[in-house]
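Please read the structure below before turning to the comments.
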Amino acid sequence: MHQPTDDLRIRQIRPLIPPAILQEEIPTTDEISELVTATRRHVSDIIHGKEHRLVVIVGPCSIHDPVATLDYAGRLKQLADRFSDDLLVIMRAYFEKPRTSVGWKGLINDPDLNESFHINKGLRLARRVLVDINNLGLPTGSEYLDTQIPQHISDVTSWVAIGARTTESQVHRELASGLSMPVGFKNNTEGNVQAAVDAVVAARNRHWFPGVTKQAIAAILETNGNEDCHIILRGGSRTGPNFEAEHVHKAAERLANNKLPAKVMVDCSHGNSKKDYRQQPAVLASICNQLSSGSPSLFGVMIESFIEEGRQDFQPGKDMVYGQSITDGCVSITETSRMLEALARANCQH
């Protein structure tokens with residue numbers, strides 16, 4: 001008797017909505033397409049030293065409440081306009097949450113926060129949020145974790161991060177080589193910067209790899225390579241924080257030695273803040289000092305921010321603090337305003 005040998009640990013298979021159908025259900029507009037195209041071009045120009053502004057990726061650690069997210073986006077848009085001469089503000093709109101072991105994996109994976117895993121609902125929510133934020137005139141940036149998700153939302157995304165846990169993944173480097181927007185690779189969780197530099201080198205090259213089309217058909221994709229990739233310093237468990245001038249300079253040297261643009265983005269959170277959101281302004285103060293001193297290597301900053309500071313644990317059935325993160329702690333929108341003002345002032349002097 002023939003014994004089954006495949007899918008032995010698969011309990012259930014559900015159909016995934018094809019990207020083309022989702023894009024038809026929740027379409028973009030000419031204005032959104034123009035915003036995305038212009039933002040990508042500006043980020044590219046800043047990476048390659050053709051524009052003086054500083055890229056600022058700012059927003060919640062991860063999105064769990066679309067209503068509060070759009071409220072935050074409206075407030076951030078006012079700040080983005082206020083500092084637009086010196087800062088290119090892109091809202092952090094993260095829907096996938098990488099986990100060290102287990103935990104809530106983000107709005108796309110579990111939109112109801114109850115382990116029902118209605119992924120098609122999550123994809124619809126994520127795309128709707130991205131379209132609504134872009135409709136405000138505020139561009140968005142995301143982290144790509146699952147390699148099938150980009151086909152659903154990449155047309156409304158202006159910048160992308162590859163996280164510390166996936167920077168060394170060949171699959172994600174291949175994905176980045178074919179993405180239509182600038183991509184930032186974080187140093188790995190231990191703090192290894194060379195891993196991010198190697199990722200940038202890999203993503204600039206052509207690749208062939210299996211993927212899916214907009215119609216959700218399995219295909220083999222050939223890429224051109226992505227010249228708009230960069231590294232993100234986020235600190236590490238072994239190395240500690242790496243946001244000071246000496247770290248930025250050494251990272252820039254590594255890039256230059258690999259004939260890459262010697263431009264670095266610094267994450268104010270994660271390992272650089274020692275996972276304490278209250279330390280983000282201190283990290284930013286160092287960045288401002290470096291900018292004021294004429295650092296040629298800093299081109300961008302990341303800030304975890306939401307309406308209310310701090311974080312809270314999600315508990316089903318209990319009232320939650322409106323506009324407060326349920327993952328990593330964030331600075332408040334009030335503190336964000338002060339931080340952006342300091343960045344704009346420092347970059348203006350640069």
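Order determines the names: the first chain of the structure tokens is A, the second B, and so forth; residues in each chain are numbered 1 upward, and ligands are numbered 1 upward as they are shown.
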| Can you tell me, as a VMD selection string, what residues are no more than 9 Å from segment 246-263 of chain A when counting only C-alpha atoms, ignoring any on the same chain fewer than 2 positions away? | chain A and resid 46 to 49 193 to 194 197 to 198 200 to 201 230 to 231 233 241 to 244 265 to 266 295 to 300
Please build the interface table for segment 237-311 of chain A against segment 60-71 of chain A with a cut-off of 9 Å, listing for each qualifying residue the nearest atom pair and the distance in Å to one decimal; count only C-alpha atoms, order rows by chain and increasing number, and write it as JSON lines.
```
{"residue": "A:Ile303", "atom": "CA", "partner": "A:Pro60", "partner_atom": "CA", "distance": 8.5}
{"residue": "A:Glu304", "atom": "CA", "partner": "A:Pro60", "partner_atom": "CA", "distance": 5.4}
{"residue": "A:Ser305", "atom": "CA", "partner": "A:Pro60", "partner_atom": "CA", "distance": 5.0}
{"residue": "A:Phe306", "atom": "CA", "partner": "A:Pro60", "partner_atom": "CA", "distance": 5.1}
{"residue": "A:Ile307", "atom": "CA", "partner": "A:Ala68", "partner_atom": "CA", "distance": 7.9}
```
| request: Compare A:Ser177, A:Thr157, A:Asn134, A:Asn272 by their minimum atom-to-atom distance to Gly191 of chain A, counting only C-alpha atoms, and give me the closest one. | output: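 Among A:Ser177, A:Thr157, A:Asn134, A:Asn272, it is A:Asn272 that comes nearest to Gly191 of chain A.
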| task | Determine, counting only C-alpha atoms, which protein, DNA and RNA residues have an atom within 12 Å of an atom of Ser273 of chain A; residues of the same chain fewer than 5 positions away are not included. Present the result as a PyMOL selection string. | result | chain A and resi 233-237+240-244+266-268+278-284+286+302-304+328-331
Just want the 8 Å neighbourhood of Arg165 of chain A, counted on only C-alpha atoms, with same-chain residues fewer than 4 positions away dropped. Output as a PDB file with C-alpha atoms, in the first residue's frame.
```pdb
ATOM      1  CA  PRO A  98       9.186  38.807  13.010  1.00  0.00           C
ATOM      2  CA  ASN A 188      21.946  41.182  12.099  1.00  0.00           C
ATOM      3  CA  THR A 189      20.645  40.695  15.635  1.00  0.00           C
TER       4      THR A 189
END
```
| query | What separation in Å, quoted to one decimal, exists between atom CA of Lys214 of chain A and atom CA of Ala126 of chain A? | reply |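 Interatomic distance here is 16.9 Å.
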So that I can see what lies close to Ala195 of chain A, please list as an mmCIF file with C-alpha atoms, in the first residue's frame the residues with an atom at most 8 Å from it, counting only C-alpha atoms and leaving out residues fewer than 5 positions away in the same chain.
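Final file, out19.cif:
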```
data_model
loop_
_atom_site.group_PDB
_atom_site.id
_atom_site.type_symbol
_atom_site.label_atom_id
_atom_site.label_comp_id
_atom_site.auth_asym_id
_atom_site.auth_seq_id
_atom_site.Cartn_x
_atom_site.Cartn_y
_atom_site.Cartn_z
ATOM 1 C CA THR A 167 19.343 40.124 6.269
ATOM 2 C CA GLU A 168 21.461 36.987 5.829
ATOM 3 C CA ASN A 187 22.781 44.551 10.595
ATOM 4 C CA ASN A 188 21.946 41.182 12.099
#
```
| task | Name the residues of segment 205-250 of chain A that fall into helix (DSSP H, G or I) according to DSSP on the backbone, using the chain letters and numbers of this document, as a ChimeraX atom specification. | result | /A:245-250
| field | Non-local contacts of Val183 of chain A (12 Å; only C-alpha atoms; under 3 positions in same chain excluded) as an MDAnalysis selection string | value | chainID A and resid 40 43:44 47 141:144 154 157:163 167 172:180 186 196 199:200 203:204 225:232 265
| field | For segment 8-25 of chain A: contacts at 9 Å, only C-alpha atoms, fewer than 6 positions along chain excluded, given as a list in words | value |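 Skipping anything fewer than 6 positions along the chain leaves Ile119, Asn120, Leu123, Arg124, Arg127, Ile149, Pro150, Gln151, His152, Ile153, Asp155, Thr213, Lys214, Gln215, Ala216 and Ile217 of chain A.
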| In terms of the shortest atom-to-atom distance over only C-alpha atoms, which of A:Leu145, A:Cys348, A:Leu76, A:Val171 is closest to Thr334 of chain A? |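 Going through A:Leu145, A:Cys348, A:Leu76, A:Val171 one by one, the smallest distance to Thr334 of chain A is for A:Leu76.
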| remark: Of A:Phe117, A:Val55, A:Val264, A:Ser269, the one sitting nearest Phe83 of chain A when using only C-alpha atoms is A:Val55
| strand (DSSP E or B) residues, from DSSP on the backbone, in segment 113-238 of chain A, as a PyMOL selection string | chain A and resi 140-143+159-162+183-186+208-212+218-222+229-233+236
| field | Minimum-distance residue to Gly323 of chain A, chosen among A:Gly59, A:Thr5, A:Ile108, A:Pro139 (using only C-alpha atoms) | value | A:Gly59
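In this model, the gap between atom CA of Leu138 of chain A and atom CA of Met181 of chain A comes to 15.8 Å.
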